[in-house]
Amino acid sequence: MIEKYKENFICKMTGWLFLLCTLAACNTRSYELNICDYGAVSGERSVNTALAVRDALAAAAKMDSAKLFFPAGTYHFYVDSLQGVSKAFDVQSMKNLVIDGNGAEFIFHGPLVIGTIDSCSNVTVRNFSIDWERPYITQGQIMELGDGYVDLAIDAAAYPYEISSQDSVFRGIGEGWKLGIQAYNLYDKERQEIVYRTRDMPMGRDLFSGKAREISPGVVRFFGSRTLEPELGTYIALWHGRYMTDGFYMFGSKDVTFRDIDIYHCPSHGLVGVRCENVTICNMNMKVNEKKGRVFSLIADAFHFNACRGLIKVDSCEHTGHGDDFINVHGMYVEIADIVDEYTFHTGCSERQNMTIGAGDELWFLKHDSLKRGVVNRIKAIRKETDDKGCTSRLVTLEKPMPVSIAAGDFVENKSYLADFEIRNCRILKKHRARGILVTTPGKVTIENNYFRTAGAAILIEGDVDYWYESGSCKDVRIQNNVFEDCFTSGHEWGEAVITVTPSYRPNSDHTLCYHENIRIEGNTFRHYDYALLYARAVRGLTFAGNVVERSYNYAPFYRETMFYLDGCKQADISGNRYGKDVLGMNIVTEHMKPEDIVRVDKDLKITNN
């Protein structure tokens, strides 16, 4: 009887739940919005699609769920100062939104931000390409190297320019801008990769920002001495700015997905996330527009994540031609400028640091000299303050007293915003400057099934209180089943080896504490032309095992004659690897370490202690 009563009760409750769910579904408004209904016209250059997007998003904001849809075609986007439009897609405080380009081509004009996704949840962006009609880079090709001059061939139709009669300086001309040259890089004429052993401005810092003269239509002579003799036909990308307007900028958003997108240019980073949670990226490529004969794409990093949490997942992406790293995932050290009382302190003036903390966040306290995470405290209140010198800091009030050992110049790190990171099936190439993957996070990190061919370090793991203040001493990193081929052709400015672990914390004895933990490099293939495979500083539990190391002859070796350089590492395991007979080095150099700090080692490796 009791069992029968239970059965009837469950059936009734199930029926009521079904009815409630049905009513909720009926009350949820989900709409598909065609961008053309808001004034967009495919193929019409005179129509500013940014205005149509603004109006469509305003309509979508009133709905529980919406899909903004572009019929296939080409759409033009412009800044409109009179109507306050400086972003193509400005998504604020929305949820359950899909932006579907349906394979459309978006052409941008002038200093336009691609989009902001601020305080949103469950947003998907997919299926389109983006390019600038006149990018913030001028491309040329070296035609002649004379005594005190360099001649560049420049397509003036694709890259309009002028040479001022007042100062004889070359300036690129775009829509609403006229800018000189701030930096440049060289790309070889065959592969369009960063030229071997070159980094930024390799012919001389001021060569292309000084005197210039057009000696014939489309040929510009730049006057000055040079420090490098590149091959004739070498491509050059002349940058007209650095870190200008971001592509997609996300802040305080959750469950955001980017899929099937090609971005051919952007005046800064391609995709930035700050204080976001759960970001998925699949087949989103920042790449050279080969149809236009270019060798460049973006001006800065392709992907950059600062103080995020949850899972950042990247799959099947290829980036080429951009002006900085493939991806950077990190936290942020926030400087303590002064202590007001035991509950209260001021931060420094860096907005990049200060924007990463908020009320309710848990903080670690760290001493400047050790960077060891200490006690945990929580932010009770936080307030912006601007002094008479224009410094905008934060006044941070804590729930509990801070450690008595903490002083001005020490740091806090946000414990509440720590990301797990997975990157798989990506191609990370030397068709862009600098490094491949930069990661500093105590979350779980998996770098798997990728192909690396980079100008700088393929993977860089840092932790920095010297310049960028990127935090996140790693606790669980697995680098497995990747191929590293001819990496690190630009040398030490962009790392110390193919895989580089260089926190700014430096050991000073064999008793020094470690900064990172549990970095495992297993089952990979290294095809390397030089010596430096791994440089690791202050790692406890470093494993390099089960890898295949082969010799490549595509470049001449030129760097430090050390295969493995270990500084202040503990519990290091370099074993079970297979080495080709002709690989370079076959040695380990240690510093600030005891012999027992290497627990296993391949028998053919020679160990030297500095």
# chains A, B, ... in the order shown; residues from 1 in each chain; ligands from 1

call {"tool": "closest_atom_pairs", "arguments": {"of": "segment 469-527 of chain A", "to": "segment 367-390 of chain A", "cutoff": "10 Å", "atoms": "only C-alpha atoms", "output": "tab-separated table"}}
result
residue	atom	partner	partner_atom	distance
A:Ser471	CA	A:Leu371	CA	9.5
A:Ser473	CA	A:Leu371	CA	9.0
A:Ser504	CA	A:Leu371	CA	9.6
A:Tyr505	CA	A:Ser370	CA	6.9
A:Arg506	CA	A:Ser370	CA	8.9
A:Pro507	CA	A:Ser370	CA	9.5
A:Thr512	CA	A:Ser370	CA	9.4
A:Leu513	CA	A:Ser370	CA	8.1
A:Cys514	CA	A:Lys372	CA	8.9
A:Tyr515	CA	A:Lys372	CA	7.4

call {"tool": "residues_around", "arguments": {"residues": "segment 120-128 of chain A", "least_positions_apart": "5", "cutoff": "9 Å", "atoms": "only C-alpha atoms", "output": "PDB file with C-alpha atoms, in the first residue's frame"}}
result
ATOM      1  CA  VAL A  91      27.244  42.937 -26.609  1.00  0.00           C
ATOM      2  CA  GLN A  92      26.435  44.073 -23.071  1.00  0.00           C
ATOM      3  CA  SER A  93      24.709  42.109 -20.264  1.00  0.00           C
ATOM      4  CA  MET A  94      23.065  39.591 -22.582  1.00  0.00           C
ATOM      5  CA  LYS A  95      22.497  35.847 -22.388  1.00  0.00           C
ATOM      6  CA  ASN A  96      21.607  33.069 -24.824  1.00  0.00           C
ATOM      7  CA  LEU A  97      22.805  34.922 -27.910  1.00  0.00           C
ATOM      8  CA  VAL A  98      24.118  33.497 -31.181  1.00  0.00           C
ATOM      9  CA  ILE A  99      25.822  35.669 -33.797  1.00  0.00           C
ATOM     10  CA  ASP A 100      25.960  33.634 -37.013  1.00  0.00           C
ATOM     11  CA  GLY A 101      27.700  35.071 -40.053  1.00  0.00           C
ATOM     12  CA  ASN A 102      26.637  32.223 -42.361  1.00  0.00           C
ATOM     13  CA  GLY A 103      30.005  32.456 -44.123  1.00  0.00           C
ATOM     14  CA  ALA A 104      29.759  36.218 -44.645  1.00  0.00           C
ATOM     15  CA  GLU A 105      32.754  38.465 -45.243  1.00  0.00           C
ATOM     16  CA  PHE A 106      33.079  41.509 -42.974  1.00  0.00           C
ATOM     17  CA  MET A 250      35.520  39.931 -23.310  1.00  0.00           C
ATOM     18  CA  PHE A 251      35.100  40.989 -19.712  1.00  0.00           C
ATOM     19  CA  GLY A 252      33.176  39.300 -16.900  1.00  0.00           C
ATOM     20  CA  SER A 253      31.452  36.843 -19.235  1.00  0.00           C
ATOM     21  CA  LYS A 254      30.706  33.141 -18.929  1.00  0.00           C
ATOM     22  CA  ASP A 255      30.253  30.237 -21.367  1.00  0.00           C
ATOM     23  CA  VAL A 256      31.369  31.970 -24.560  1.00  0.00           C
ATOM     24  CA  THR A 257      32.117  30.041 -27.763  1.00  0.00           C
ATOM     25  CA  PHE A 258      33.905  31.125 -30.943  1.00  0.00           C
ATOM     26  CA  ARG A 259      33.764  28.783 -33.918  1.00  0.00           C
ATOM     27  CA  ASP A 260      34.690  28.762 -37.621  1.00  0.00           C
ATOM     28  CA  ILE A 261      36.056  32.307 -37.886  1.00  0.00           C
ATOM     29  CA  ASP A 262      38.948  33.720 -39.933  1.00  0.00           C
ATOM     30  CA  ILE A 263      40.391  37.087 -38.900  1.00  0.00           C
ATOM     31  CA  MET A 284      39.122  30.357 -35.042  1.00  0.00           C
TER      32      MET A 284
END

call {"tool": "select_by_dssp", "arguments": {"residues": "segment 444-539 of chain A", "states": "strand (DSSP E or B)", "output": "VMD selection string"}}
result
chain A and resid 444 to 448 451 to 453 459 to 461 470 to 471 476 to 480 483 to 485 499 to 501 516 to 522 525 to 528 534 to 537 539

call {"tool": "write_last_selection", "arguments": {"atoms": "N, CA, C and O atoms", "output": "short mmCIF file (atom, residue, chain, number, x, y, z; two decimals), in the first residue's frame"}}
result
data_model
loop_
_atom_site.label_atom_id
_atom_site.label_comp_id
_atom_site.auth_asym_id
_atom_site.auth_seq_id
_atom_site.Cartn_x
_atom_site.Cartn_y
_atom_site.Cartn_z
N LYS A 444 44.81 23.02 -14.28
CA LYS A 444 45.29 21.88 -15.07
C LYS A 444 45.53 22.34 -16.50
O LYS A 444 44.65 22.91 -17.13
N VAL A 445 46.73 22.06 -17.02
CA VAL A 445 47.12 22.48 -18.37
C VAL A 445 47.42 21.25 -19.21
O VAL A 445 48.23 20.40 -18.82
N THR A 446 46.79 21.17 -20.39
CA THR A 446 47.05 20.09 -21.33
C THR A 446 47.37 20.69 -22.69
O THR A 446 46.55 21.43 -23.26
N ILE A 447 48.57 20.39 -23.19
CA ILE A 447 49.02 20.85 -24.51
C ILE A 447 49.29 19.59 -25.31
O ILE A 447 50.28 18.89 -25.08
N GLU A 448 48.41 19.27 -26.28
CA GLU A 448 48.39 17.93 -26.84
C GLU A 448 48.08 17.95 -28.34
O GLU A 448 47.23 18.72 -28.81
N TYR A 451 51.16 20.98 -33.65
CA TYR A 451 52.38 21.07 -34.46
C TYR A 451 52.99 22.45 -34.23
O TYR A 451 52.33 23.48 -34.41
N PHE A 452 54.27 22.47 -33.80
CA PHE A 452 54.97 23.72 -33.51
C PHE A 452 56.10 23.93 -34.52
O PHE A 452 56.90 23.02 -34.77
N ARG A 453 56.14 25.12 -35.06
CA ARG A 453 57.26 25.55 -35.90
C ARG A 453 57.38 27.06 -35.68
O ARG A 453 56.83 27.87 -36.44
N ILE A 459 56.95 26.84 -26.40
CA ILE A 459 56.17 26.96 -25.17
C ILE A 459 57.01 27.73 -24.17
O ILE A 459 58.18 27.40 -23.93
N LEU A 460 56.42 28.76 -23.57
CA LEU A 460 57.09 29.57 -22.56
C LEU A 460 56.23 29.60 -21.30
O LEU A 460 55.06 29.97 -21.34
N ILE A 461 56.82 29.18 -20.19
CA ILE A 461 56.15 29.18 -18.89
C ILE A 461 56.95 30.11 -18.00
O ILE A 461 58.11 29.84 -17.70
N GLU A 470 52.71 38.91 -14.93
CA GLU A 470 51.81 37.80 -15.23
C GLU A 470 52.07 36.67 -14.24
O GLU A 470 53.18 36.16 -14.12
N SER A 471 51.02 36.28 -13.52
CA SER A 471 51.16 35.34 -12.40
C SER A 471 50.61 33.97 -12.76
O SER A 471 49.97 33.78 -13.79
N ASP A 476 50.30 21.72 -12.58
CA ASP A 476 49.93 20.49 -13.30
C ASP A 476 49.93 20.79 -14.79
O ASP A 476 48.92 21.23 -15.35
N VAL A 477 51.07 20.56 -15.45
CA VAL A 477 51.20 20.81 -16.88
C VAL A 477 51.59 19.52 -17.59
O VAL A 477 52.58 18.87 -17.21
N ARG A 478 50.83 19.17 -18.60
CA ARG A 478 51.16 17.98 -19.41
C ARG A 478 51.32 18.42 -20.86
O ARG A 478 50.36 18.92 -21.48
N ILE A 479 52.51 18.21 -21.40
CA ILE A 479 52.83 18.53 -22.79
C ILE A 479 53.09 17.20 -23.48
O ILE A 479 54.12 16.55 -23.25
N GLN A 480 52.14 16.76 -24.32
CA GLN A 480 52.24 15.38 -24.81
C GLN A 480 51.78 15.25 -26.27
O GLN A 480 50.89 15.97 -26.74
N VAL A 483 54.42 17.70 -32.02
CA VAL A 483 55.60 17.72 -32.89
C VAL A 483 56.20 19.12 -32.84
O VAL A 483 55.49 20.12 -33.07
N PHE A 484 57.49 19.20 -32.53
CA PHE A 484 58.24 20.46 -32.51
C PHE A 484 59.29 20.39 -33.62
O PHE A 484 60.22 19.59 -33.54
N GLU A 485 59.13 21.20 -34.63
CA GLU A 485 60.02 21.10 -35.79
C GLU A 485 60.64 22.47 -36.10
O GLU A 485 59.94 23.44 -36.37
N ILE A 499 61.42 24.59 -25.43
CA ILE A 499 60.51 24.73 -24.28
C ILE A 499 61.28 25.47 -23.20
O ILE A 499 62.36 25.04 -22.77
N THR A 500 60.73 26.60 -22.76
CA THR A 500 61.42 27.50 -21.84
C THR A 500 60.56 27.71 -20.59
O THR A 500 59.38 28.07 -20.71
N VAL A 501 61.15 27.50 -19.42
CA VAL A 501 60.48 27.75 -18.15
C VAL A 501 61.36 28.74 -17.38
O VAL A 501 62.38 28.37 -16.82
N HIS A 516 57.55 26.60 -9.92
CA HIS A 516 56.59 25.76 -10.63
C HIS A 516 56.68 24.31 -10.12
O HIS A 516 57.69 23.91 -9.53
N GLU A 517 55.63 23.53 -10.40
CA GLU A 517 55.61 22.12 -10.02
C GLU A 517 54.97 21.29 -11.13
O GLU A 517 54.10 21.76 -11.87
N ASN A 518 55.43 20.05 -11.24
CA ASN A 518 54.76 19.02 -12.06
C ASN A 518 54.57 19.45 -13.51
O ASN A 518 53.44 19.57 -14.00
N ILE A 519 55.67 19.65 -14.20
CA ILE A 519 55.64 19.92 -15.63
C ILE A 519 56.15 18.65 -16.32
O ILE A 519 57.31 18.25 -16.16
N ARG A 520 55.28 18.00 -17.09
CA ARG A 520 55.59 16.71 -17.70
C ARG A 520 55.58 16.88 -19.23
O ARG A 520 54.56 17.28 -19.82
N ILE A 521 56.71 16.54 -19.84
CA ILE A 521 56.89 16.64 -21.29
C ILE A 521 57.10 15.22 -21.78
O ILE A 521 58.19 14.64 -21.61
N GLU A 522 56.08 14.62 -22.36
CA GLU A 522 56.09 13.18 -22.62
C GLU A 522 55.51 12.84 -23.99
O GLU A 522 54.50 13.40 -24.41
N THR A 525 57.66 14.55 -30.30
CA THR A 525 58.73 14.43 -31.28
C THR A 525 59.37 15.79 -31.49
O THR A 525 58.67 16.78 -31.77
N PHE A 526 60.69 15.86 -31.31
CA PHE A 526 61.46 17.08 -31.51
C PHE A 526 62.36 16.88 -32.73
O PHE A 526 63.23 16.00 -32.71
N ARG A 527 62.17 17.68 -33.77
CA ARG A 527 63.08 17.69 -34.92
C ARG A 527 63.80 19.03 -34.86
O ARG A 527 63.26 20.05 -35.29
N HIS A 528 65.03 19.00 -34.34
CA HIS A 528 65.69 20.25 -33.96
C HIS A 528 67.02 20.38 -34.67
O HIS A 528 67.79 19.42 -34.76
N LEU A 534 65.45 22.26 -23.91
CA LEU A 534 64.69 22.57 -22.69
C LEU A 534 65.55 23.43 -21.77
O LEU A 534 66.70 23.09 -21.47
N TYR A 535 65.00 24.54 -21.34
CA TYR A 535 65.60 25.40 -20.32
C TYR A 535 64.57 25.54 -19.22
O TYR A 535 63.47 26.03 -19.46
N ALA A 536 64.91 25.10 -18.00
CA ALA A 536 63.92 25.10 -16.92
C ALA A 536 64.53 25.66 -15.65
O ALA A 536 65.62 25.23 -15.23
N ARG A 537 63.81 26.58 -15.03
CA ARG A 537 64.26 27.22 -13.79
C ARG A 537 63.22 27.00 -12.69
O ARG A 537 62.02 27.23 -12.90
N VAL A 539 61.76 24.41 -10.98
CA VAL A 539 60.63 23.50 -11.17
C VAL A 539 60.83 22.28 -10.26
O VAL A 539 61.89 21.65 -10.29
#

call {"tool": "atom_distance", "arguments": {"atom1": "atom CA of Thr320 of chain A", "atom2": "atom CA of Met286 of chain A"}}
result
6.4 Å

call {"tool": "atom_distance", "arguments": {"atom1": "atom CA of Val195 of chain A", "atom2": "atom CA of Lys430 of chain A"}}
result
9.0 Å

call {"tool": "residues_around", "arguments": {"residues": "His76 of chain A", "least_positions_apart": "3", "cutoff": "10 Å", "atoms": "only C-alpha atoms", "output": "list in words"}}
result
Ala40, Val41, Ser42, Gly43, Glu44, Arg45, Ser46, Val47, Asn48, Thr49, Ala50, Ala88, Glu105, Phe106, Ile107, Phe108, His109, Ile130, Asp131, Trp132 and Glu133 of chain A

call {"tool": "write_last_selection", "arguments": {"atoms": "C-alpha atoms", "output": "compact mmCIF listing (two decimals), in the first residue's frame"}}
result
# COMPACT_ATOMS: atom_id res chain seq x y z
CA ALA A 40 22.33 46.07 -43.60
CA VAL A 41 22.81 45.58 -47.34
CA SER A 42 25.21 42.94 -48.63
CA GLY A 43 27.79 44.29 -51.08
CA GLU A 44 26.89 47.95 -50.50
CA ARG A 45 30.00 49.89 -49.44
CA SER A 46 28.08 53.02 -48.52
CA VAL A 47 25.96 51.23 -45.88
CA ASN A 48 27.48 51.01 -42.39
CA THR A 49 26.63 47.55 -41.11
CA ALA A 50 27.79 48.56 -37.61
CA ALA A 88 31.10 46.53 -34.71
CA GLU A 105 32.75 38.47 -45.24
CA PHE A 106 33.08 41.51 -42.97
CA ILE A 107 35.24 44.39 -44.24
CA PHE A 108 36.32 46.94 -41.63
CA HIS A 109 37.34 50.56 -42.17
CA ILE A 130 37.03 39.75 -40.96
CA ASP A 131 39.53 41.93 -42.76
CA TRP A 132 40.44 45.62 -42.98
CA GLU A 133 40.35 47.23 -46.39

call {"tool": "closest_residue", "arguments": {"among": "A:Lys475, A:Cys569, A:Gly176, A:Leu363", "to": "Ser81 of chain A", "atoms": "only C-alpha atoms"}}
result
A:Gly176

call {"tool": "atom_distance", "arguments": {"atom1": "atom CA of Ile142 of chain A", "atom2": "atom CA of Ala237 of chain A"}}
result
10.9 Å

call {"tool": "closest_atom_pairs", "arguments": {"of": "segment 237-348 of chain A", "to": "segment 135-140 of chain A", "cutoff": "9 Å", "atoms": "only C-alpha atoms", "output": "tab-separated table"}}
result
residue	atom	partner	partner_atom	distance
A:Ala237	CA	A:Gln139	CA	4.7
A:Leu238	CA	A:Thr138	CA	5.0
A:Trp239	CA	A:Ile137	CA	4.6
A:His240	CA	A:Tyr136	CA	5.5
A:Gly241	CA	A:Tyr136	CA	7.0
A:His265	CA	A:Pro135	CA	6.7
A:Cys266	CA	A:Pro135	CA	7.6
A:Pro267	CA	A:Tyr136	CA	6.2
A:Arg294	CA	A:Gln139	CA	7.3
A:Val295	CA	A:Gln139	CA	7.8
A:Phe296	CA	A:Gln139	CA	8.0
A:Ser297	CA	A:Ile137	CA	8.7
A:Leu298	CA	A:Ile137	CA	8.8
A:Ile299	CA	A:Ile137	CA	8.0

call {"tool": "closest_residue", "arguments": {"among": "A:Gly148, A:Leu542, A:Arg394, A:Gly73", "to": "Asp567 of chain A", "atoms": "only C-alpha atoms"}}
result
A:Leu542

call {"tool": "decode", "arguments": {"residues": "segment 37-121 of chain A", "atoms": "C-alpha atoms", "output": "compact mmCIF listing (two decimals), in the first residue's frame"}}
result
# COMPACT_ATOMS: atom_id res chain seq x y z
CA ASP A 37 15.84 43.76 -41.55
CA TYR A 38 17.81 46.37 -39.59
CA GLY A 39 19.29 48.14 -42.59
CA ALA A 40 22.33 46.07 -43.60
CA VAL A 41 22.81 45.58 -47.34
CA SER A 42 25.21 42.94 -48.63
CA GLY A 43 27.79 44.29 -51.08
CA GLU A 44 26.89 47.95 -50.50
CA ARG A 45 30.00 49.89 -49.44
CA SER A 46 28.08 53.02 -48.52
CA VAL A 47 25.96 51.23 -45.88
CA ASN A 48 27.48 51.01 -42.39
CA THR A 49 26.63 47.55 -41.11
CA ALA A 50 27.79 48.56 -37.61
CA LEU A 51 24.62 50.66 -37.26
CA ALA A 52 22.44 47.72 -38.25
CA VAL A 53 24.21 45.48 -35.74
CA ARG A 54 23.70 48.07 -33.00
CA ASP A 55 19.95 48.16 -33.65
CA ALA A 56 19.64 44.39 -33.96
CA LEU A 57 21.48 43.83 -30.67
CA ALA A 58 19.21 46.37 -28.96
CA ALA A 59 16.24 44.27 -30.09
CA ALA A 60 17.94 41.02 -29.04
CA ALA A 61 18.61 42.43 -25.57
CA LYS A 62 14.85 42.39 -24.91
CA MET A 63 14.61 38.66 -25.65
CA ASP A 64 15.37 35.61 -23.55
CA SER A 65 17.18 33.99 -26.46
CA ALA A 66 18.13 35.34 -29.88
CA LYS A 67 20.10 34.54 -33.01
CA LEU A 68 21.51 37.40 -35.08
CA PHE A 69 21.81 36.08 -38.63
CA PHE A 70 23.71 37.42 -41.67
CA PRO A 71 22.70 36.22 -45.12
CA ALA A 72 25.79 35.20 -47.09
CA GLY A 73 27.58 38.17 -48.64
CA THR A 74 29.99 41.03 -47.96
CA TYR A 75 29.28 43.67 -45.33
CA HIS A 76 31.17 46.89 -44.59
CA PHE A 77 31.72 48.34 -41.10
CA TYR A 78 32.73 51.91 -40.22
CA VAL A 79 33.20 54.07 -37.14
CA ASP A 80 30.36 56.60 -36.75
CA SER A 81 31.41 59.25 -34.25
CA LEU A 82 28.17 61.19 -34.56
CA GLN A 83 26.14 58.16 -33.47
CA GLY A 84 28.72 56.96 -30.95
CA VAL A 85 29.58 53.74 -32.79
CA SER A 86 33.18 52.62 -32.30
CA LYS A 87 32.54 48.84 -32.10
CA ALA A 88 31.10 46.53 -34.71
CA PHE A 89 29.54 44.19 -32.12
CA ASP A 90 28.85 45.70 -28.69
CA VAL A 91 27.24 42.94 -26.61
CA GLN A 92 26.43 44.07 -23.07
CA SER A 93 24.71 42.11 -20.26
CA MET A 94 23.06 39.59 -22.58
CA LYS A 95 22.50 35.85 -22.39
CA ASN A 96 21.61 33.07 -24.82
CA LEU A 97 22.81 34.92 -27.91
CA VAL A 98 24.12 33.50 -31.18
CA ILE A 99 25.82 35.67 -33.80
CA ASP A 100 25.96 33.63 -37.01
CA GLY A 101 27.70 35.07 -40.05
CA ASN A 102 26.64 32.22 -42.36
CA GLY A 103 30.01 32.46 -44.12
CA ALA A 104 29.76 36.22 -44.65
CA GLU A 105 32.75 38.47 -45.24
CA PHE A 106 33.08 41.51 -42.97
CA ILE A 107 35.24 44.39 -44.24
CA PHE A 108 36.32 46.94 -41.63
CA HIS A 109 37.34 50.56 -42.17
CA GLY A 110 39.34 52.72 -39.76
CA PRO A 111 39.90 52.39 -35.98
CA LEU A 112 36.99 50.04 -35.26
CA VAL A 113 36.88 47.52 -32.41
CA ILE A 114 35.54 44.19 -33.65
CA GLY A 115 33.44 43.57 -30.59
CA THR A 116 32.91 43.64 -26.84
CA ILE A 117 31.27 40.85 -24.87
CA ASP A 118 30.77 42.34 -21.41
CA SER A 119 28.94 40.69 -18.48
CA CYS A 120 27.25 38.10 -20.71
CA SER A 121 26.52 34.38 -20.54
